[in-house]
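For reference, the structure discussed in these notes is given below.
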Amino acid sequence: MWAASCLASCCAACACNACQSVVSGISRRSARIAYCGLFALSLIVAWILREVAAPLMEKIPWINHFHQTPDREWFETDAVLRVSLGNFLFFSILALMMVGVKNQKDPRDSIHHGGWMMKIICWCLLVIFMFFLPNGIVSFYETISKFGSGLFLLVQVVLLLDFVHSWNDKWVGYDEQFWYIALLVVSLVCYVATFTFSGLLFYLFSPSGNDCGLNTFFILMTLIFVFVFAVVTLHPAVGGSILPASVISLYCMYLCYSGLASEPRDYACNGLHKHSKAVSTGRLTVGLLTTVLSVVYSAVRAGSSTTLLSPPSSPRAGAGKPLLPMDKADEHEEKEKAKPVSYSYSFFHIIFSLASMYSAMLLTGWSTSVGESGKLVDVGWASVWVRILTGWATAALFLWSMVAPILFPDREF
């Protein structure tokens with residue numbers, strides 16, 4: 001017994017030392033990756049609790065205070081929502097704390113990049129505390145998570161549009177024949193993939209012998225958007241490049257597929273329904289991986305060259321120069337004192353807050369899963385319409401980005 005206690009103490013000490021080593025190794029440049037790792041950890045914890053915490057939660061009186069105990073799926077959903085709520089509060093608090101940080105001498109800059117042991121402890125305490133909250137608060141969070149998830153998807157669209165236009169401008173800026181050919185090749189590949197994708201969608205989600213008018217409508221609407229993108233982009237008044245149109249076309253077709261694939265497995269027009277049990281774990285893994293990659297992309301883009309996401313004092317936003325020159329010592333001291341931050345810390349944490357809501361909806365099937373659907377990720381009619389509407393919003397935003405400079409020539413977009 002004494003030997004076992006000593007062994008347990010040694011293991012705990014080694015674990016603490018390992019954690020301290022990892023935390024101390026987080027530098028200023030790797031802080032954003034560390035936040036992404038913490039978010040990924042929250043997804044893993046939510047996934048594990050969804051699978052194993054239901055029997056324990058059934059015995060907690062302030063959670064299971066019903067006259068008749070709900071189904072197991074209810075407790076699985078509740079566990080995911082409580083972990084998500086703790087994650088949401090953690091990043092929301094950080095977002096509020098970082099509002100107005102303009103230079104690296106701000107004390108809050110060191111909070112954003114350091115103090116990782118304390119942050120991890122606070123995160124753990126917040127997640128644990130969520131399991132002591134009444135069900136009403138969790139139910140309210142579940143409701144607002146649907147709106148927050150939609151907002152997260154719209155942020156993804158805006159960042160994608162910004163990335164595609166920046167990509168096009170960079171290659172066109174080289175003004176060499178090789179890069180123009182590269183633009184043409186990439187655009188053709190995207191269009192070929194888009195139309196091949198559409199054929200696959202007709203095959204899987206509009207099978208003969210079934211009335212699948214809704215699925216056909218979704219696919220045809222996406223193809224119409226693809227045609228409109230090309231027409232508007234190539235119009236002489238717009239004079240745009242075909243690369244952004246082709247990439248957005250492929251992305252809209254992917255969103256259409258993602259929406260149709262989220263249809264209930266017992267729906268006759270869903271060609272994936274025969275594989276519902278076989279692919280449940282795989283779809284869950286892919287869904288979580290996609291979410292993590294999306295958040296990492298958003299977080300990295302938050303520090304990119306776009307002025308939309310950069311604070312007013314950042315170098316990319318165009319800081320002014322002093323009217324009177326200073327000597328070198330004063331100038332060096334002033335630079336060190338007011339070195340601007342390269343991205344908005346507050347927006348960076350808001351991305352994770354919204355992603356916490358979105359990941360909860362993925363893991364719970366947008367909180368509409370019942371029975372077998374509860375074992376699958378991102379399944380249900382709510383998920384279908386969110387994906388389809390996101391595709392339509394993507395189309396609207398892209399078209400607006402094309403025609404807005406013509407309608408409002410005096411404004412910068």
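Identifiers in this document derive from the order of the structure tokens: chains are assigned A, B, ..., residues are numbered from 1 separately in each chain, and ligands are numbered from 1 in order of occurrence.
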
For A:Asn87, work out the shell of residues within 10 Å, counting only C-alpha atoms and skipping chain neighbours fewer than 4 positions away, then give it as number ranges by chain.
-> A: 38-39, 42-43, 81-83, 91-92, 123-124, 126-127, 130, 352-357

Write out the residues from the selection above, keeping all heavy atoms, as a compact mmCIF listing (two decimals), in the first residue's frame.
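And here's again_39.txt as it stands now:
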```
# COMPACT_ATOMS: atom_id res chain seq x y z
N LEU A 38 -5.60 23.97 -26.85
CA LEU A 38 -6.56 23.97 -25.75
C LEU A 38 -7.98 23.75 -26.27
O LEU A 38 -8.78 23.02 -25.66
CB LEU A 38 -6.47 25.28 -24.98
CG LEU A 38 -7.33 25.39 -23.72
CD1 LEU A 38 -6.96 24.30 -22.73
CD2 LEU A 38 -7.16 26.77 -23.09
N PHE A 39 -8.28 24.37 -27.40
CA PHE A 39 -9.60 24.17 -27.99
C PHE A 39 -9.78 22.72 -28.44
O PHE A 39 -10.84 22.11 -28.22
CB PHE A 39 -9.79 25.11 -29.18
CG PHE A 39 -11.09 24.92 -29.90
CD1 PHE A 39 -12.26 25.43 -29.39
CD2 PHE A 39 -11.14 24.20 -31.08
CE1 PHE A 39 -13.47 25.24 -30.05
CE2 PHE A 39 -12.33 24.01 -31.75
CZ PHE A 39 -13.50 24.54 -31.23
N SER A 42 -10.61 20.62 -25.56
CA SER A 42 -12.02 20.73 -25.14
C SER A 42 -12.92 19.84 -25.98
O SER A 42 -13.88 19.25 -25.46
CB SER A 42 -12.48 22.20 -25.24
OG SER A 42 -12.62 22.60 -26.60
N LEU A 43 -12.62 19.71 -27.27
CA LEU A 43 -13.41 18.82 -28.12
C LEU A 43 -13.24 17.36 -27.70
O LEU A 43 -14.21 16.59 -27.67
CB LEU A 43 -12.99 18.98 -29.58
CG LEU A 43 -13.32 20.31 -30.27
CD1 LEU A 43 -12.92 20.24 -31.74
CD2 LEU A 43 -14.79 20.63 -30.15
N LEU A 81 -22.91 20.08 -23.98
CA LEU A 81 -23.27 21.50 -23.85
C LEU A 81 -22.58 22.14 -22.65
O LEU A 81 -22.17 23.31 -22.72
CB LEU A 81 -24.78 21.65 -23.73
CG LEU A 81 -25.59 21.36 -25.00
CD1 LEU A 81 -27.08 21.35 -24.71
CD2 LEU A 81 -25.28 22.38 -26.09
N ARG A 82 -22.44 21.40 -21.56
CA ARG A 82 -21.80 21.97 -20.37
C ARG A 82 -20.30 22.19 -20.60
O ARG A 82 -19.75 23.23 -20.18
CB ARG A 82 -22.05 21.07 -19.16
CG ARG A 82 -23.50 21.09 -18.69
CD ARG A 82 -23.77 20.12 -17.55
NE ARG A 82 -25.19 20.09 -17.21
CZ ARG A 82 -25.78 20.89 -16.31
NH1 ARG A 82 -25.04 21.78 -15.65
NH2 ARG A 82 -27.06 20.80 -16.06
N VAL A 83 -19.64 21.26 -21.26
CA VAL A 83 -18.23 21.47 -21.59
C VAL A 83 -18.09 22.65 -22.56
O VAL A 83 -17.20 23.50 -22.41
CB VAL A 83 -17.63 20.20 -22.21
CG1 VAL A 83 -16.19 20.46 -22.69
CG2 VAL A 83 -17.64 19.06 -21.21
N PHE A 91 -13.12 31.66 -23.27
CA PHE A 91 -12.63 32.50 -24.37
C PHE A 91 -13.37 33.84 -24.43
O PHE A 91 -12.79 34.85 -24.85
CB PHE A 91 -12.77 31.75 -25.70
CG PHE A 91 -11.75 30.67 -25.88
CD1 PHE A 91 -12.10 29.33 -25.84
CD2 PHE A 91 -10.41 30.98 -26.09
CE1 PHE A 91 -11.15 28.33 -26.00
CE2 PHE A 91 -9.45 29.99 -26.25
CZ PHE A 91 -9.83 28.66 -26.20
N SER A 92 -14.63 33.87 -24.00
CA SER A 92 -15.36 35.15 -23.99
C SER A 92 -14.77 36.10 -22.96
O SER A 92 -14.66 37.31 -23.20
CB SER A 92 -16.84 34.90 -23.69
OG SER A 92 -17.45 34.14 -24.71
N TRP A 123 -9.41 27.16 -16.90
CA TRP A 123 -10.25 26.45 -17.88
C TRP A 123 -10.85 25.20 -17.26
O TRP A 123 -12.04 24.93 -17.41
CB TRP A 123 -9.43 26.11 -19.11
CG TRP A 123 -10.17 25.33 -20.14
CD1 TRP A 123 -11.03 25.82 -21.08
CD2 TRP A 123 -10.14 23.90 -20.32
NE1 TRP A 123 -11.54 24.79 -21.84
CE2 TRP A 123 -11.02 23.61 -21.39
CE3 TRP A 123 -9.47 22.87 -19.69
CZ2 TRP A 123 -11.22 22.31 -21.84
CZ3 TRP A 123 -9.68 21.57 -20.13
CH2 TRP A 123 -10.54 21.30 -21.19
N CYS A 124 -10.04 24.43 -16.55
CA CYS A 124 -10.53 23.21 -15.92
C CYS A 124 -11.60 23.52 -14.87
O CYS A 124 -12.64 22.84 -14.81
CB CYS A 124 -9.37 22.45 -15.26
SG CYS A 124 -8.17 21.76 -16.41
N LEU A 126 -13.57 26.14 -14.75
CA LEU A 126 -14.79 26.60 -15.42
C LEU A 126 -15.60 25.42 -15.96
O LEU A 126 -16.82 25.37 -15.79
CB LEU A 126 -14.43 27.55 -16.57
CG LEU A 126 -14.40 29.03 -16.27
CD1 LEU A 126 -13.94 29.81 -17.50
CD2 LEU A 126 -15.76 29.53 -15.81
N VAL A 127 -14.92 24.48 -16.61
CA VAL A 127 -15.62 23.32 -17.17
C VAL A 127 -16.26 22.50 -16.04
O VAL A 127 -17.42 22.06 -16.16
CB VAL A 127 -14.65 22.45 -17.99
CG1 VAL A 127 -15.32 21.14 -18.39
CG2 VAL A 127 -14.19 23.20 -19.24
N MET A 130 -19.41 24.15 -14.62
CA MET A 130 -20.59 24.08 -15.48
C MET A 130 -21.51 22.92 -15.12
O MET A 130 -22.72 22.98 -15.36
CB MET A 130 -20.17 23.95 -16.95
CG MET A 130 -19.44 25.15 -17.53
SD MET A 130 -20.35 26.70 -17.40
CE MET A 130 -19.49 27.49 -16.04
N PHE A 352 -12.77 31.63 -31.12
CA PHE A 352 -12.85 30.41 -30.33
C PHE A 352 -14.18 30.31 -29.58
O PHE A 352 -14.70 29.21 -29.38
CB PHE A 352 -11.68 30.34 -29.35
CG PHE A 352 -10.38 29.98 -29.99
CD1 PHE A 352 -9.45 30.95 -30.29
CD2 PHE A 352 -10.08 28.67 -30.29
CE1 PHE A 352 -8.24 30.62 -30.88
CE2 PHE A 352 -8.87 28.33 -30.88
CZ PHE A 352 -7.95 29.31 -31.19
N SER A 353 -14.71 31.45 -29.15
CA SER A 353 -16.01 31.42 -28.47
C SER A 353 -17.10 30.91 -29.40
O SER A 353 -17.91 30.04 -29.02
CB SER A 353 -16.36 32.83 -27.96
OG SER A 353 -15.42 33.29 -27.03
N LEU A 354 -17.13 31.45 -30.62
CA LEU A 354 -18.14 31.00 -31.58
C LEU A 354 -17.89 29.55 -31.99
O LEU A 354 -18.84 28.79 -32.19
CB LEU A 354 -18.10 31.91 -32.81
CG LEU A 354 -18.47 33.38 -32.58
CD1 LEU A 354 -18.32 34.18 -33.87
CD2 LEU A 354 -19.89 33.51 -32.05
N ALA A 355 -16.61 29.18 -32.12
CA ALA A 355 -16.29 27.80 -32.49
C ALA A 355 -16.71 26.82 -31.40
O ALA A 355 -17.05 25.66 -31.70
CB ALA A 355 -14.80 27.66 -32.77
N SER A 356 -16.71 27.25 -30.14
CA SER A 356 -17.18 26.39 -29.06
C SER A 356 -18.65 26.06 -29.24
O SER A 356 -19.08 24.91 -29.03
CB SER A 356 -16.95 27.07 -27.71
OG SER A 356 -15.58 27.33 -27.49
N MET A 357 -19.44 27.06 -29.63
CA MET A 357 -20.86 26.82 -29.90
C MET A 357 -21.03 25.88 -31.10
O MET A 357 -21.84 24.94 -31.07
CB MET A 357 -21.57 28.14 -30.18
CG MET A 357 -21.63 29.09 -29.02
SD MET A 357 -22.51 30.60 -29.47
CE MET A 357 -22.71 31.36 -27.85
```

Contacts between stretch 395-407 of chain A and stretch 165-229 of chain A, please, where a residue of stretch 165-229 of chain A counts if it comes within 12 Å (with only C-alpha atoms); show its shortest atom pair and distance in Å to one decimal, rows by chain and ascending number, as JSON lines.
```
{"residue": "A:His165", "atom": "CA", "partner": "A:Ser401", "partner_atom": "CA", "distance": 9.7}
{"residue": "A:Met221", "atom": "CA", "partner": "A:Ala395", "partner_atom": "CA", "distance": 10.5}
{"residue": "A:Thr222", "atom": "CA", "partner": "A:Ala395", "partner_atom": "CA", "distance": 8.8}
{"residue": "A:Leu223", "atom": "CA", "partner": "A:Ala395", "partner_atom": "CA", "distance": 11.1}
{"residue": "A:Ile224", "atom": "CA", "partner": "A:Ala395", "partner_atom": "CA", "distance": 10.3}
{"residue": "A:Phe225", "atom": "CA", "partner": "A:Ala395", "partner_atom": "CA", "distance": 6.7}
{"residue": "A:Val226", "atom": "CA", "partner": "A:Ala395", "partner_atom": "CA", "distance": 8.7}
{"residue": "A:Phe227", "atom": "CA", "partner": "A:Ala395", "partner_atom": "CA", "distance": 11.2}
{"residue": "A:Val228", "atom": "CA", "partner": "A:Leu399", "partner_atom": "CA", "distance": 8.6}
{"residue": "A:Phe229", "atom": "CA", "partner": "A:Leu399", "partner_atom": "CA", "distance": 7.0}
```

Once you have the residues from the selection above, write them out as a PDB file, in the first residue's frame, restricted to C-alpha atoms.
```
ATOM      1  CA  HIS A 165      -9.086  37.678 -53.227  1.00  0.00           C
ATOM      2  CA  MET A 221     -29.640  26.298 -56.987  1.00  0.00           C
ATOM      3  CA  THR A 222     -25.938  25.726 -56.336  1.00  0.00           C
ATOM      4  CA  LEU A 223     -25.303  25.160 -60.047  1.00  0.00           C
ATOM      5  CA  ILE A 224     -27.179  28.386 -60.822  1.00  0.00           C
ATOM      6  CA  PHE A 225     -24.924  30.225 -58.393  1.00  0.00           C
ATOM      7  CA  VAL A 226     -21.870  28.751 -60.143  1.00  0.00           C
ATOM      8  CA  PHE A 227     -23.146  30.039 -63.496  1.00  0.00           C
ATOM      9  CA  VAL A 228     -23.959  33.488 -62.053  1.00  0.00           C
ATOM     10  CA  PHE A 229     -20.497  33.737 -60.477  1.00  0.00           C
TER      11      PHE A 229
END
```

Find the residue from A:Val247, A:Ile128, A:Leu363, A:Val232 that sits nearest to A:Val189; use only C-alpha atoms when measuring.
->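 Selected residue with least distance to A:Val189: A:Val247.
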
Can you list, as an NGL selection string, every protein, DNA or RNA residue that comes within 8 Å of stretch 203-207 of chain A when you count only C-alpha atoms, leaving out same-chain residues fewer than 2 positions away?
-> :A and (199-201 or 209-210 or 212-213 or 215-216 or 260 or 269-272)

Give me every alpha helix (DSSP H) residue in stretch 96-293 of chain A, going by DSSP on the backbone, as a count of residues only.
-> 148

Find the spatial neighbours of A:His112, counting only C-alpha atoms, within a cut-off of 10 Å - ignore same-chain residues fewer than 2 positions away - and output them as number ranges by chain.
-> A: 28, 31-32, 35, 94-95, 97-98, 107-110, 114-116, 119, 345-346, 349

Shell of 10 Å around stretch 136-150 of chain A, only C-alpha atoms, local chain residues under 3 positions omitted, as number ranges by chain | A: 63, 77-79, 81-82, 84-85, 88, 130-131, 133, 153-156, 353-362, 366-367, 382-383, 386-387, 389-390

Pick from A:Phe129, A:Phe163, A:Phe217, A:Phe75 nearest to A:Glu51, counting only C-alpha atoms =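 Between A:Phe129, A:Phe163, A:Phe217, A:Phe75, the residue approaching A:Glu51 most closely is A:Phe75.
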
From atom CA of A:Thr233 to atom CA of A:Ala245 the spacing works out at 6.9 Å

To one decimal in Å, tell me the separation between atom CA of A:His235 and atom CA of A:Phe197.
->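 Straight-line distance from atom CA of A:His235 to atom CA of A:Phe197 works out to 25.9 Å.
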